[in-house]
file final_33.csv (CSV, C-alpha atoms)
chain,number,residue,atom,x,y,z
N,1,MET,CA,4.5,-29.1,17.0
N,2,GLY,CA,7.7,-27.3,17.6
N,3,SER,CA,9.9,-25.1,15.4
N,4,VAL,CA,11.2,-26.4,12.1
N,5,PRO,CA,14.9,-25.9,11.4
N,6,THR,CA,15.6,-23.1,8.9
N,7,ALA,CA,19.3,-23.9,8.3
N,8,LYS,CA,21.0,-27.1,7.3
N,9,LYS,CA,22.2,-29.4,10.1
N,10,ALA,CA,24.6,-31.7,8.3
N,11,TYR,CA,24.3,-35.4,9.0
N,12,PRO,CA,27.5,-36.4,10.8
N,13,PRO,CA,29.9,-38.5,8.7
N,14,GLY,CA,31.3,-41.8,9.8
N,15,ILE,CA,29.9,-45.1,11.0
N,16,HIS,CA,26.3,-45.3,12.3
N,17,VAL,CA,24.7,-48.5,13.5
N,18,PRO,CA,21.0,-49.5,13.2
N,19,CYS,CA,20.6,-51.0,16.7
N,20,LEU,CA,19.0,-54.3,17.0
N,21,THR,CA,15.8,-54.5,19.1
N,22,TRP,CA,15.5,-57.4,21.5
N,23,PHE,CA,12.3,-59.0,22.6
N,24,LYS,CA,11.2,-61.5,25.2
N,25,ASN,CA,10.4,-65.0,23.9
N,26,ASP,CA,6.8,-65.3,25.2
N,27,ALA,CA,3.3,-64.6,24.0
N,28,THR,CA,3.6,-60.9,24.3
N,29,GLN,CA,7.1,-60.4,22.9
N,30,GLU,CA,7.6,-57.2,24.9
N,31,LEU,CA,11.0,-55.6,24.7
N,32,ASP,CA,13.7,-57.2,26.7
N,33,TRP,CA,14.9,-54.1,28.3
N,34,ASP,CA,17.8,-55.7,30.2
N,35,LEU,CA,19.3,-57.0,27.1
N,36,GLN,CA,18.5,-53.8,25.1
N,37,LYS,CA,20.4,-51.7,27.6
N,38,THR,CA,23.4,-54.2,27.6
N,39,HIS,CA,23.5,-54.0,23.8
N,40,LEU,CA,23.2,-50.2,23.7
N,41,GLU,CA,26.0,-49.9,26.2
N,42,PHE,CA,28.2,-52.0,24.0
N,43,LEU,CA,27.4,-49.9,20.9
N,44,ILE,CA,27.8,-46.5,22.5
N,45,SER,CA,31.0,-47.4,24.3
N,46,SER,CA,32.5,-48.7,21.1
N,47,GLY,CA,33.0,-45.2,19.7
N,48,LEU,CA,30.5,-45.4,16.8
N,49,ASP,CA,29.6,-42.1,15.3
N,50,GLY,CA,25.8,-42.6,15.7
N,51,ILE,CA,23.0,-44.9,16.8
N,52,VAL,CA,19.9,-45.5,14.7
N,53,ILE,CA,16.9,-46.6,16.6
N,54,ALA,CA,14.1,-48.4,14.7
N,55,GLY,CA,15.9,-48.9,11.5
N,56,THR,CA,15.4,-52.0,9.4
N,57,ASN,CA,17.7,-54.1,11.6
N,58,GLY,CA,15.8,-52.7,14.6
N,59,GLU,CA,12.5,-54.1,13.1
N,60,ALA,CA,11.0,-50.7,12.8
N,61,VAL,CA,7.7,-51.7,11.3
N,62,THR,CA,7.0,-53.9,14.4
N,63,LEU,CA,7.4,-51.1,16.9
N,64,THR,CA,4.9,-48.7,18.2
N,65,THR,CA,5.7,-45.0,18.4
N,66,ASP,CA,5.7,-45.2,22.2
N,67,GLU,CA,8.2,-48.1,22.0
N,68,LYS,CA,10.4,-46.1,19.7
N,69,ALA,CA,10.3,-43.1,22.0
N,70,GLN,CA,11.3,-45.2,25.0
N,71,LEU,CA,14.1,-46.7,23.0
N,72,LEU,CA,15.3,-43.2,22.2
N,73,ARG,CA,15.1,-42.0,25.8
N,74,THR,CA,17.0,-45.1,27.0
N,75,THR,CA,19.7,-44.6,24.3
N,76,ARG,CA,20.2,-41.0,25.3
N,77,GLN,CA,20.3,-41.9,29.0
N,78,ILE,CA,22.9,-44.6,28.5
N,79,ALA,CA,24.9,-42.3,26.3
N,80,THR,CA,25.0,-39.7,29.0
N,81,GLN,CA,26.0,-42.2,31.6
N,82,LEU,CA,28.9,-43.3,29.4
N,83,GLY,CA,30.1,-39.8,28.8
N,84,ARG,CA,28.8,-39.4,25.3
N,85,PRO,CA,25.6,-37.3,25.8
N,86,ASN,CA,25.9,-35.8,22.3
N,87,VAL,CA,26.3,-38.9,20.3
N,88,THR,CA,24.1,-38.7,17.2
N,89,VAL,CA,20.8,-40.5,17.5
N,90,THR,CA,18.5,-41.1,14.6
N,91,MET,CA,15.0,-42.6,14.5
N,92,GLY,CA,13.5,-44.6,11.7
N,93,CYS,CA,10.1,-43.6,10.4
N,94,THR,CA,7.9,-46.0,8.5
N,95,GLY,CA,4.5,-44.5,8.6
N,96,GLN,CA,2.2,-44.9,5.6
N,97,CYS,CA,0.7,-41.4,5.4
N,98,THR,CA,2.3,-38.0,5.7
N,99,ARG,CA,0.4,-37.0,8.8
N,100,ASP,CA,1.6,-40.0,10.7
N,101,VAL,CA,5.2,-39.6,9.7
N,102,ILE,CA,5.1,-36.0,10.8
N,103,ARG,CA,3.8,-37.2,14.1
N,104,GLU,CA,6.6,-39.7,14.3
N,105,THR,CA,9.2,-36.9,13.8
N,106,VAL,CA,7.6,-34.8,16.5
N,107,ALA,CA,7.7,-37.8,18.9
N,108,ALA,CA,11.3,-38.5,17.9
N,109,LYS,CA,12.3,-34.9,18.7
N,110,GLU,CA,10.6,-35.0,22.1
N,111,ALA,CA,12.4,-38.3,23.0
N,112,GLY,CA,15.8,-37.0,22.1
N,113,ALA,CA,16.5,-37.9,18.4
N,114,ASP,CA,18.6,-35.6,16.3
N,115,TYR,CA,17.5,-36.9,12.9
N,116,ALA,CA,14.7,-38.9,11.3
N,117,LEU,CA,15.5,-41.7,8.7
N,118,VAL,CA,12.4,-41.9,6.5
N,119,LEU,CA,11.2,-44.6,4.1
N,120,VAL,CA,8.9,-43.9,1.2
N,121,PRO,CA,5.3,-44.8,2.0
N,122,SER,CA,4.5,-47.8,-0.1
N,123,TYR,CA,1.1,-49.3,0.7
N,124,PHE,CA,-0.4,-47.5,-2.4
N,125,HIS,CA,2.9,-48.0,-4.3
N,126,PHE,CA,1.1,-47.9,-7.7
N,127,ALA,CA,0.1,-44.3,-7.0
N,128,MET,CA,3.5,-43.2,-5.7
N,129,ASN,CA,5.0,-41.6,-8.8
N,130,GLN,CA,7.9,-39.2,-8.8
N,131,ASP,CA,5.8,-36.1,-8.0
N,132,ALA,CA,4.1,-37.9,-5.1
N,133,ILE,CA,7.4,-39.1,-3.6
N,134,VAL,CA,9.0,-35.7,-3.8
N,135,GLY,CA,5.8,-34.0,-2.5
N,136,PHE,CA,5.8,-36.4,0.5
N,137,PHE,CA,9.3,-35.6,1.5
N,138,GLU,CA,8.9,-31.9,1.0
N,139,GLU,CA,5.7,-31.7,3.1
N,140,LEU,CA,7.3,-33.8,5.8
N,141,ALA,CA,10.4,-31.7,5.9
N,142,ASP,CA,8.3,-28.5,6.0
N,143,ALA,CA,6.8,-29.8,9.3
N,144,SER,CA,9.4,-31.9,10.9
N,145,PRO,CA,11.2,-30.4,13.9
N,146,ILE,CA,14.3,-32.5,13.1
N,147,PRO,CA,16.2,-32.9,9.9
N,148,ILE,CA,15.2,-35.7,7.4
N,149,LEU,CA,17.5,-38.4,6.1
N,150,ILE,CA,15.9,-40.1,3.1
N,151,TYR,CA,16.0,-43.9,3.3
N,152,ASN,CA,16.2,-45.4,-0.2
N,153,PHE,CA,15.5,-49.1,0.1
N,154,PRO,CA,13.4,-50.2,-2.8
N,155,ASN,CA,13.3,-53.9,-1.7
N,156,VAL,CA,11.1,-53.1,1.3
N,157,VAL,CA,8.9,-50.4,-0.4
N,158,ALA,CA,7.5,-52.4,-3.3
N,159,GLY,CA,10.4,-51.3,-5.6
N,160,LEU,CA,9.9,-47.6,-5.2
N,161,ASP,CA,13.2,-45.8,-5.9
N,162,VAL,CA,14.2,-42.3,-5.1
N,163,ASN,CA,16.2,-41.6,-8.2
N,164,SER,CA,19.0,-39.0,-8.7
N,165,GLU,CA,16.7,-36.4,-10.2
N,166,MET,CA,14.4,-36.6,-7.1
N,167,LEU,CA,17.4,-36.5,-4.8
N,168,ASP,CA,18.7,-33.4,-6.5
N,169,THR,CA,15.4,-31.7,-6.0
N,170,LEU,CA,15.0,-32.8,-2.4
N,171,ALA,CA,18.6,-31.9,-1.5
N,172,ARG,CA,17.7,-28.2,-1.9
N,173,HIS,CA,15.2,-28.3,1.0
N,174,PRO,CA,16.7,-26.8,4.1
N,175,ASN,CA,15.5,-29.6,6.3
N,176,ILE,CA,16.5,-32.6,4.2
N,177,VAL,CA,20.2,-33.4,4.8
N,178,GLY,CA,21.1,-36.6,3.1
N,179,VAL,CA,20.2,-40.1,1.9
N,180,LYS,CA,21.0,-43.6,3.0
N,181,LEU,CA,21.4,-45.7,-0.1
N,182,THR,CA,20.5,-49.3,0.7
N,183,CYS,CA,19.7,-49.7,-3.0
N,184,GLY,CA,23.5,-50.1,-3.5
N,185,GLY,CA,23.6,-47.2,-5.9
N,186,ILE,CA,27.2,-46.2,-6.1
N,187,ALA,CA,26.5,-43.9,-9.0
N,188,LYS,CA,24.0,-42.1,-6.9
N,189,VAL,CA,26.7,-41.4,-4.3
N,190,ALA,CA,28.9,-39.9,-7.0
N,191,ARG,CA,26.1,-37.8,-8.4
N,192,VAL,CA,25.1,-36.4,-5.0
N,193,ALA,CA,28.8,-35.6,-4.3
N,194,ALA,CA,29.2,-33.9,-7.6
N,195,SER,CA,26.2,-31.6,-7.1
N,196,HIS,CA,26.1,-30.9,-3.3
N,197,ARG,CA,28.5,-30.1,-0.5
N,198,PRO,CA,28.4,-32.8,2.2
N,199,GLU,CA,27.5,-30.0,4.7
N,200,ASP,CA,24.3,-29.5,2.8
N,201,PHE,CA,23.4,-33.0,1.5
N,202,SER,CA,25.3,-36.2,1.9
N,203,ALA,CA,25.1,-39.8,0.7
N,204,LEU,CA,25.8,-42.8,2.9
N,205,ALA,CA,26.2,-46.4,2.0
N,206,GLY,CA,23.5,-48.8,3.2
N,207,GLN,CA,25.9,-51.7,3.7
N,208,SER,CA,29.5,-51.8,5.0
N,209,ASP,CA,30.7,-54.0,2.1
N,210,TRP,CA,30.9,-51.0,-0.2
N,211,LEU,CA,32.0,-48.4,2.2
N,212,VAL,CA,35.4,-47.8,0.6
N,213,PRO,CA,33.8,-47.5,-2.9
N,214,ALA,CA,31.3,-45.0,-1.5
N,215,LEU,CA,34.0,-43.0,0.2
N,216,SER,CA,36.0,-43.0,-3.0
N,217,VAL,CA,33.3,-41.1,-4.9
N,218,GLY,CA,32.3,-38.7,-2.2
N,219,GLY,CA,30.2,-40.6,0.3
N,220,THR,CA,30.4,-39.6,3.9
N,221,GLY,CA,30.0,-42.9,5.7
N,222,VAL,CA,27.6,-45.8,6.2
N,223,ILE,CA,24.7,-47.0,8.3
N,224,THR,CA,25.5,-50.7,8.7
N,225,GLY,CA,24.0,-53.6,10.7
N,226,VAL,CA,27.4,-55.3,10.9
N,227,ALA,CA,28.4,-52.7,13.5
N,228,ASN,CA,26.0,-54.4,15.9
N,229,LEU,CA,28.8,-57.0,16.2
N,230,TYR,CA,32.0,-55.6,14.8
N,231,PRO,CA,31.9,-51.8,15.4
N,232,LYS,CA,35.7,-51.5,15.6
N,233,ALA,CA,36.2,-53.3,12.3
N,234,CYS,CA,33.8,-50.9,10.7
N,235,LEU,CA,35.4,-47.9,12.3
N,236,GLN,CA,38.8,-49.1,11.2
N,237,ILE,CA,37.9,-48.8,7.5
N,238,TYR,CA,36.6,-45.3,7.9
N,239,ASP,CA,39.5,-44.1,10.0
N,240,LEU,CA,42.1,-45.6,7.7
N,241,TRP,CA,40.5,-43.9,4.8
N,242,LYS,CA,40.3,-40.5,6.5
N,243,LYS,CA,44.1,-40.8,7.4
N,244,GLY,CA,44.9,-41.4,3.8
N,245,ASP,CA,45.8,-45.1,4.2
N,246,LEU,CA,43.9,-46.2,1.1
N,247,GLN,CA,45.7,-49.6,0.9
N,248,GLY,CA,44.9,-50.4,4.5
N,249,ALA,CA,41.3,-49.3,4.1
N,250,GLN,CA,40.9,-51.5,1.0
N,251,ALA,CA,42.4,-54.5,2.7
N,252,ALA,CA,40.2,-54.1,5.8
N,253,GLN,CA,37.2,-53.6,3.4
N,254,LEU,CA,37.8,-57.0,1.8
N,255,GLU,CA,37.8,-58.7,5.1
N,256,LEU,CA,34.7,-57.0,6.3
N,257,ALA,CA,32.9,-57.8,3.0
N,258,LYS,CA,33.1,-61.5,3.8
N,259,ALA,CA,31.3,-61.1,7.1
N,260,GLU,CA,28.7,-58.7,5.5
N,261,TRP,CA,27.7,-61.6,3.2
N,262,GLY,CA,26.7,-63.6,6.3
N,263,PHE,CA,24.5,-60.8,7.6
N,264,GLY,CA,22.9,-60.2,4.3
N,265,LYS,CA,22.1,-63.8,3.5
N,266,GLY,CA,21.1,-64.6,7.1
N,267,GLY,CA,18.5,-61.8,7.2
N,268,ILE,CA,17.5,-60.0,10.3
N,269,ASN,CA,16.6,-63.1,12.3
N,270,GLY,CA,20.0,-64.6,11.3
N,271,THR,CA,21.8,-61.3,12.3
N,272,LYS,CA,20.1,-61.3,15.7
N,273,TRP,CA,20.9,-64.9,16.3
N,274,VAL,CA,24.6,-64.7,15.4
N,275,VAL,CA,25.1,-61.4,17.3
N,276,ALA,CA,23.5,-63.0,20.4
N,277,LYS,CA,25.6,-66.2,20.0
N,278,ILE,CA,28.9,-64.4,19.6
N,279,ARG,CA,28.2,-61.7,22.2
N,280,GLY,CA,27.0,-64.3,24.7
N,281,TYR,CA,23.4,-62.9,24.9
N,282,ASN,CA,20.4,-65.0,25.9
N,283,LEU,CA,19.4,-66.8,22.7
N,284,GLU,CA,15.8,-66.9,23.9
N,285,SER,CA,15.7,-63.1,23.2
N,286,ALA,CA,17.2,-63.3,19.8
N,287,HIS,CA,14.0,-63.9,17.9
N,288,CYS,CA,12.3,-61.3,15.7
N,289,ARG,CA,8.7,-60.3,16.5
N,290,ARG,CA,6.3,-62.6,14.8
N,291,PRO,CA,5.4,-63.4,12.1
N,292,TYR,CA,9.1,-63.1,11.1
N,293,PRO,CA,10.3,-66.8,11.4
N,294,THR,CA,12.8,-67.9,14.0
N,295,PHE,CA,16.4,-68.7,12.9
N,296,ASP,CA,16.4,-72.3,14.2
N,297,ASP,CA,17.8,-74.3,11.4
N,298,ALA,CA,21.0,-75.9,12.7
N,299,GLY,CA,22.6,-75.9,9.3
N,300,LYS,CA,22.0,-72.2,8.7
N,301,GLN,CA,23.2,-71.5,12.2
N,302,GLU,CA,26.5,-73.3,11.6
N,303,TRP,CA,26.9,-71.6,8.2
N,304,ILE,CA,26.4,-68.0,9.5
N,305,LEU,CA,28.5,-68.6,12.6
N,306,ASP,CA,31.4,-69.7,10.4
N,307,VAL,CA,31.1,-66.9,7.9
N,308,VAL,CA,30.5,-64.1,10.3
N,309,GLY,CA,32.7,-65.4,13.1
N,310,GLN,CA,35.9,-65.2,11.0
N,311,LEU,CA,36.1,-61.4,11.6
N,312,GLY,CA,36.1,-62.0,15.4
N,313,LYS,CA,39.9,-62.2,15.7
N,314,VAL,CA,40.2,-58.9,13.7
N,315,GLU,CA,37.7,-57.2,16.0
N,316,GLN,CA,39.5,-58.4,19.1
N,317,SER,CA,42.9,-57.2,17.8
N,318,LEU,CA,41.7,-53.7,17.2
N,319,ALA,CA,42.2,-50.9,19.8
N,320,LYS,CA,39.2,-48.9,20.9
N,321,ARG,CA,38.8,-45.7,19.0
N,322,GLU,CA,40.0,-42.8,21.0
N,323,SER,CA,37.2,-40.2,21.7
call {"tool": "encode", "arguments": {"input": "final_33.csv", "output": "structure tokens"}}
result
Amino acid sequence: MGSVPTAKKAYPPGIHVPCLTWFKNDATQELDWDLQKTHLEFLISSGLDGIVIAGTNGEAVTLTTDEKAQLLRTTRQIATQLGRPNVTVTMGCTGQCTRDVIRETVAAKEAGADYALVLVPSYFHFAMNQDAIVGFFEELADASPIPILIYNFPNVVAGLDVNSEMLDTLARHPNIVGVKLTCGGIAKVARVAASHRPEDFSALAGQSDWLVPALSVGGTGVITGVANLYPKACLQIYDLWKKGDLQGAQAAQLELAKAEWGFGKGGINGTKWVVAKIRGYNLESAHCRRPYPTFDDAGKQEWILDVVGQLGKVEQSLAKRES
């Protein structure tokens, strides 16, 4: 199974993107590897701090472990080709039993992942009380060969929430290094920062529209689907904040929040469609794996293109982040 880390390996601060996964539009809906590689090249070359494979935006629950592993290997290969062999790569884990999630982390390690982003198992949500959730993460972390980033997203796990008390307990485990808060819990960010050094356990925003608020109370960054289209705009906010230009970061945040609304309301199928449309990708490969519905309503397409497209000029005006 491999050795389990005995010392904390801090989750890198900054802007991480949950990479979209692209599929062919046929009966099999196999991965569209040509488009996948094109998109990965775009993301990695943009200077983003990390790539998340098989996150929510990557349609994690529709992917097999073998597909995830191939995506990881491809990501690492492209990163090496682009001169960024050590870019942080995280794999999403969505298994419904501890044994399976442990196996996912082992496969992730073997395929080149640095971290695992793990949701709470939720099929038997009625039985997953606080002790069960904490026990799951502790047993997983005891066995995982890579560090664990808790993924708190109650909306997709039947309302299960990893609360601050649970986070405080789990933060003490040597192989649990942080939490992605897609719950929008800004107070949780503050409580994590008040009790733990970011080198030991950090909190990241789950959406880019509250990146500045998260940073202001001790958050270390964000994992955001918006970076699939506007990586430089996301990086700009973080870099301005780190330089101490708070006014500039806040102004950039307000502009980005407008686009984030389009991604959030459009859903994953809307996100894929608008990214493909603006990036000039083949729209036939912009559909989610079924049964997720296609984003084919002309009115919705017009709306999301208008809302999201407004940030395009900002993105084009920004210089590429220096490595």
call {"tool": "closest_residue", "arguments": {"input": "final_33.csv", "among": "N:Ala79, N:Val106, N:Ala10, N:Cys19", "to": "N:Leu140", "atoms": "all atoms listed in the file"}}
result
N:Val106
call {"tool": "residues_around", "arguments": {"input": "final_33.csv", "residues": "N:Ala193", "least_positions_apart": "5", "cutoff": "9 Å", "atoms": "all atoms listed in the file", "output": "NGL selection string"}}
result
:N and (188 or 198 or 201-203 or 217-219)
call {"tool": "closest_residue", "arguments": {"input": "final_33.csv", "among": "N:Phe263, N:Tyr281, N:Tyr238, N:Tyr230", "to": "N:Leu311", "atoms": "all atoms listed in the file"}}
result
N:Tyr230
call {"tool": "residues_near_point", "arguments": {"input": "final_33.csv", "point": "(8.0, -41.5, 16.5)", "cutoff": "8 Å", "atoms": "only C-alpha atoms", "output": "count of residues only"}}
result
14
call {"tool": "closest_residue", "arguments": {"input": "final_33.csv", "among": "N:Lys277, N:Asn152, N:Asn25, N:Ala251", "to": "N:Thr294", "atoms": "only C-alpha atoms"}}
result
N:Asn25
call {"tool": "residues_near_point", "arguments": {"input": "final_33.csv", "point": "(38.3, -42.2, 6.4)", "cutoff": "9 Å", "atoms": "all atoms listed in the file", "output": "list of chain:residue names"}}
result
N:Gly14, N:Val212, N:Leu215, N:Thr220, N:Gly221, N:Leu235, N:Gln236, N:Ile237, N:Tyr238, N:Asp239, N:Leu240, N:Trp241, N:Lys242, N:Lys243, N:Gly244, N:Asp245, N:Leu246, N:Ala249
call {"tool": "residues_around", "arguments": {"input": "final_33.csv", "residues": "stretch 36-49 of chain N", "least_positions_apart": "3", "cutoff": "8 Å", "atoms": "all atoms listed in the file", "output": "JSON list (two decimals) with C-alpha atoms, in the coordinates of the input"}}
result
[["chain", "number", "residue", "atom", "x", "y", "z"],
["N", 12, "PRO", "CA", 27.50, -36.40, 10.80],
["N", 13, "PRO", "CA", 29.90, -38.50, 8.70],
["N", 14, "GLY", "CA", 31.30, -41.80, 9.80],
["N", 15, "ILE", "CA", 29.90, -45.10, 11.00],
["N", 16, "HIS", "CA", 26.30, -45.30, 12.30],
["N", 17, "VAL", "CA", 24.70, -48.50, 13.50],
["N", 19, "CYS", "CA", 20.60, -51.00, 16.70],
["N", 21, "THR", "CA", 15.80, -54.50, 19.10],
["N", 22, "TRP", "CA", 15.50, -57.40, 21.50],
["N", 31, "LEU", "CA", 11.00, -55.60, 24.70],
["N", 32, "ASP", "CA", 13.70, -57.20, 26.70],
["N", 33, "TRP", "CA", 14.90, -54.10, 28.30],
["N", 74, "THR", "CA", 17.00, -45.10, 27.00],
["N", 75, "THR", "CA", 19.70, -44.60, 24.30],
["N", 78, "ILE", "CA", 22.90, -44.60, 28.50],
["N", 79, "ALA", "CA", 24.90, -42.30, 26.30],
["N", 82, "LEU", "CA", 28.90, -43.30, 29.40],
["N", 84, "ARG", "CA", 28.80, -39.40, 25.30],
["N", 87, "VAL", "CA", 26.30, -38.90, 20.30],
["N", 88, "THR", "CA", 24.10, -38.70, 17.20],
["N", 227, "ALA", "CA", 28.40, -52.70, 13.50],
["N", 228, "ASN", "CA", 26.00, -54.40, 15.90],
["N", 231, "PRO", "CA", 31.90, -51.80, 15.40],
["N", 232, "LYS", "CA", 35.70, -51.50, 15.60],
["N", 235, "LEU", "CA", 35.40, -47.90, 12.30],
["N", 320, "LYS", "CA", 39.20, -48.90, 20.90],
["N", 321, "ARG", "CA", 38.80, -45.70, 19.00],
["N", 322, "GLU", "CA", 40.00, -42.80, 21.00],
["N", 323, "SER", "CA", 37.20, -40.20, 21.70]]
call {"tool": "atom_distance", "arguments": {"input": "final_33.csv", "atom1": "atom CA of N:Gly135", "atom2": "atom CA of N:Gly159"}}
result
18.2 Å
call {"tool": "residues_around", "arguments": {"input": "final_33.csv", "residues": "stretch 143-146 of chain N", "least_positions_apart": "6", "cutoff": "12 Å", "atoms": "all atoms listed in the file", "output": "PyMOL selection string"}}
result
chain N and resi 1-11+89-91+93+98-118+136-137+173-177
call {"tool": "decode", "arguments": {"input": "final_33.csv", "residues": "stretch 233-249 of chain N", "atoms": "N, CA, C and O atoms", "output": "PDB file, in the first residue's frame"}}
result
ATOM      1  N   ALA N 233      -7.400  36.147 -14.117  1.00  0.00           N
ATOM      2  CA  ALA N 233      -8.228  37.004 -13.274  1.00  0.00           C
ATOM      3  C   ALA N 233      -8.261  36.486 -11.838  1.00  0.00           C
ATOM      4  O   ALA N 233      -8.275  37.274 -10.887  1.00  0.00           O
ATOM      5  N   CYS N 234      -8.284  35.160 -11.691  1.00  0.00           N
ATOM      6  CA  CYS N 234      -8.247  34.573 -10.346  1.00  0.00           C
ATOM      7  C   CYS N 234      -6.892  34.809  -9.689  1.00  0.00           C
ATOM      8  O   CYS N 234      -6.810  35.204  -8.517  1.00  0.00           O
ATOM      9  N   LEU N 235      -5.831  34.590 -10.444  1.00  0.00           N
ATOM     10  CA  LEU N 235      -4.485  34.798  -9.916  1.00  0.00           C
ATOM     11  C   LEU N 235      -4.256  36.255  -9.539  1.00  0.00           C
ATOM     12  O   LEU N 235      -3.563  36.560  -8.560  1.00  0.00           O
ATOM     13  N   GLN N 236      -4.841  37.163 -10.321  1.00  0.00           N
ATOM     14  CA  GLN N 236      -4.660  38.587 -10.049  1.00  0.00           C
ATOM     15  C   GLN N 236      -5.124  38.946  -8.646  1.00  0.00           C
ATOM     16  O   GLN N 236      -4.443  39.677  -7.913  1.00  0.00           O
ATOM     17  N   ILE N 237      -6.284  38.446  -8.249  1.00  0.00           N
ATOM     18  CA  ILE N 237      -6.815  38.752  -6.919  1.00  0.00           C
ATOM     19  C   ILE N 237      -5.853  38.280  -5.844  1.00  0.00           C
ATOM     20  O   ILE N 237      -5.499  39.030  -4.922  1.00  0.00           O
ATOM     21  N   TYR N 238      -5.412  37.038  -5.966  1.00  0.00           N
ATOM     22  CA  TYR N 238      -4.514  36.474  -4.959  1.00  0.00           C
ATOM     23  C   TYR N 238      -3.188  37.228  -4.916  1.00  0.00           C
ATOM     24  O   TYR N 238      -2.679  37.572  -3.833  1.00  0.00           O
ATOM     25  N   ASP N 239      -2.627  37.508  -6.070  1.00  0.00           N
ATOM     26  CA  ASP N 239      -1.320  38.178  -6.125  1.00  0.00           C
ATOM     27  C   ASP N 239      -1.404  39.615  -5.599  1.00  0.00           C
ATOM     28  O   ASP N 239      -0.485  40.086  -4.910  1.00  0.00           O
ATOM     29  N   LEU N 240      -2.481  40.328  -5.923  1.00  0.00           N
ATOM     30  CA  LEU N 240      -2.659  41.681  -5.390  1.00  0.00           C
ATOM     31  C   LEU N 240      -2.762  41.653  -3.872  1.00  0.00           C
ATOM     32  O   LEU N 240      -2.189  42.495  -3.172  1.00  0.00           O
ATOM     33  N   TRP N 241      -3.502  40.683  -3.363  1.00  0.00           N
ATOM     34  CA  TRP N 241      -3.645  40.558  -1.912  1.00  0.00           C
ATOM     35  C   TRP N 241      -2.287  40.282  -1.260  1.00  0.00           C
ATOM     36  O   TRP N 241      -1.943  40.923  -0.247  1.00  0.00           O
ATOM     37  N   LYS N 242      -1.534  39.379  -1.815  1.00  0.00           N
ATOM     38  CA  LYS N 242      -0.232  39.032  -1.234  1.00  0.00           C
ATOM     39  C   LYS N 242       0.730  40.212  -1.283  1.00  0.00           C
ATOM     40  O   LYS N 242       1.617  40.343  -0.430  1.00  0.00           O
ATOM     41  N   LYS N 243       0.592  41.079  -2.278  1.00  0.00           N
ATOM     42  CA  LYS N 243       1.450  42.265  -2.383  1.00  0.00           C
ATOM     43  C   LYS N 243       1.003  43.385  -1.448  1.00  0.00           C
ATOM     44  O   LYS N 243       1.678  44.412  -1.334  1.00  0.00           O
ATOM     45  N   GLY N 244      -0.142  43.210  -0.811  1.00  0.00           N
ATOM     46  CA  GLY N 244      -0.642  44.232   0.093  1.00  0.00           C
ATOM     47  C   GLY N 244      -1.539  45.261  -0.560  1.00  0.00           C
ATOM     48  O   GLY N 244      -1.928  46.246   0.075  1.00  0.00           O
ATOM     49  N   ASP N 245      -1.887  45.050  -1.837  1.00  0.00           N
ATOM     50  CA  ASP N 245      -2.775  45.979  -2.537  1.00  0.00           C
ATOM     51  C   ASP N 245      -4.214  45.539  -2.276  1.00  0.00           C
ATOM     52  O   ASP N 245      -4.874  44.925  -3.127  1.00  0.00           O
ATOM     53  N   LEU N 246      -4.711  45.862  -1.104  1.00  0.00           N
ATOM     54  CA  LEU N 246      -6.029  45.393  -0.700  1.00  0.00           C
ATOM     55  C   LEU N 246      -7.133  46.026  -1.530  1.00  0.00           C
ATOM     56  O   LEU N 246      -8.104  45.352  -1.896  1.00  0.00           O
ATOM     57  N   GLN N 247      -6.975  47.292  -1.849  1.00  0.00           N
ATOM     58  CA  GLN N 247      -7.994  47.979  -2.656  1.00  0.00           C
ATOM     59  C   GLN N 247      -8.069  47.371  -4.048  1.00  0.00           C
ATOM     60  O   GLN N 247      -9.160  47.150  -4.586  1.00  0.00           O
ATOM     61  N   GLY N 248      -6.922  47.082  -4.633  1.00  0.00           N
ATOM     62  CA  GLY N 248      -6.895  46.465  -5.953  1.00  0.00           C
ATOM     63  C   GLY N 248      -7.492  45.070  -5.932  1.00  0.00           C
ATOM     64  O   GLY N 248      -8.235  44.685  -6.851  1.00  0.00           O
ATOM     65  N   ALA N 249      -7.172  44.310  -4.887  1.00  0.00           N
ATOM     66  CA  ALA N 249      -7.716  42.954  -4.769  1.00  0.00           C
ATOM     67  C   ALA N 249      -9.225  42.983  -4.622  1.00  0.00           C
ATOM     68  O   ALA N 249      -9.944  42.180  -5.237  1.00  0.00           O
TER      69      ALA N 249
END
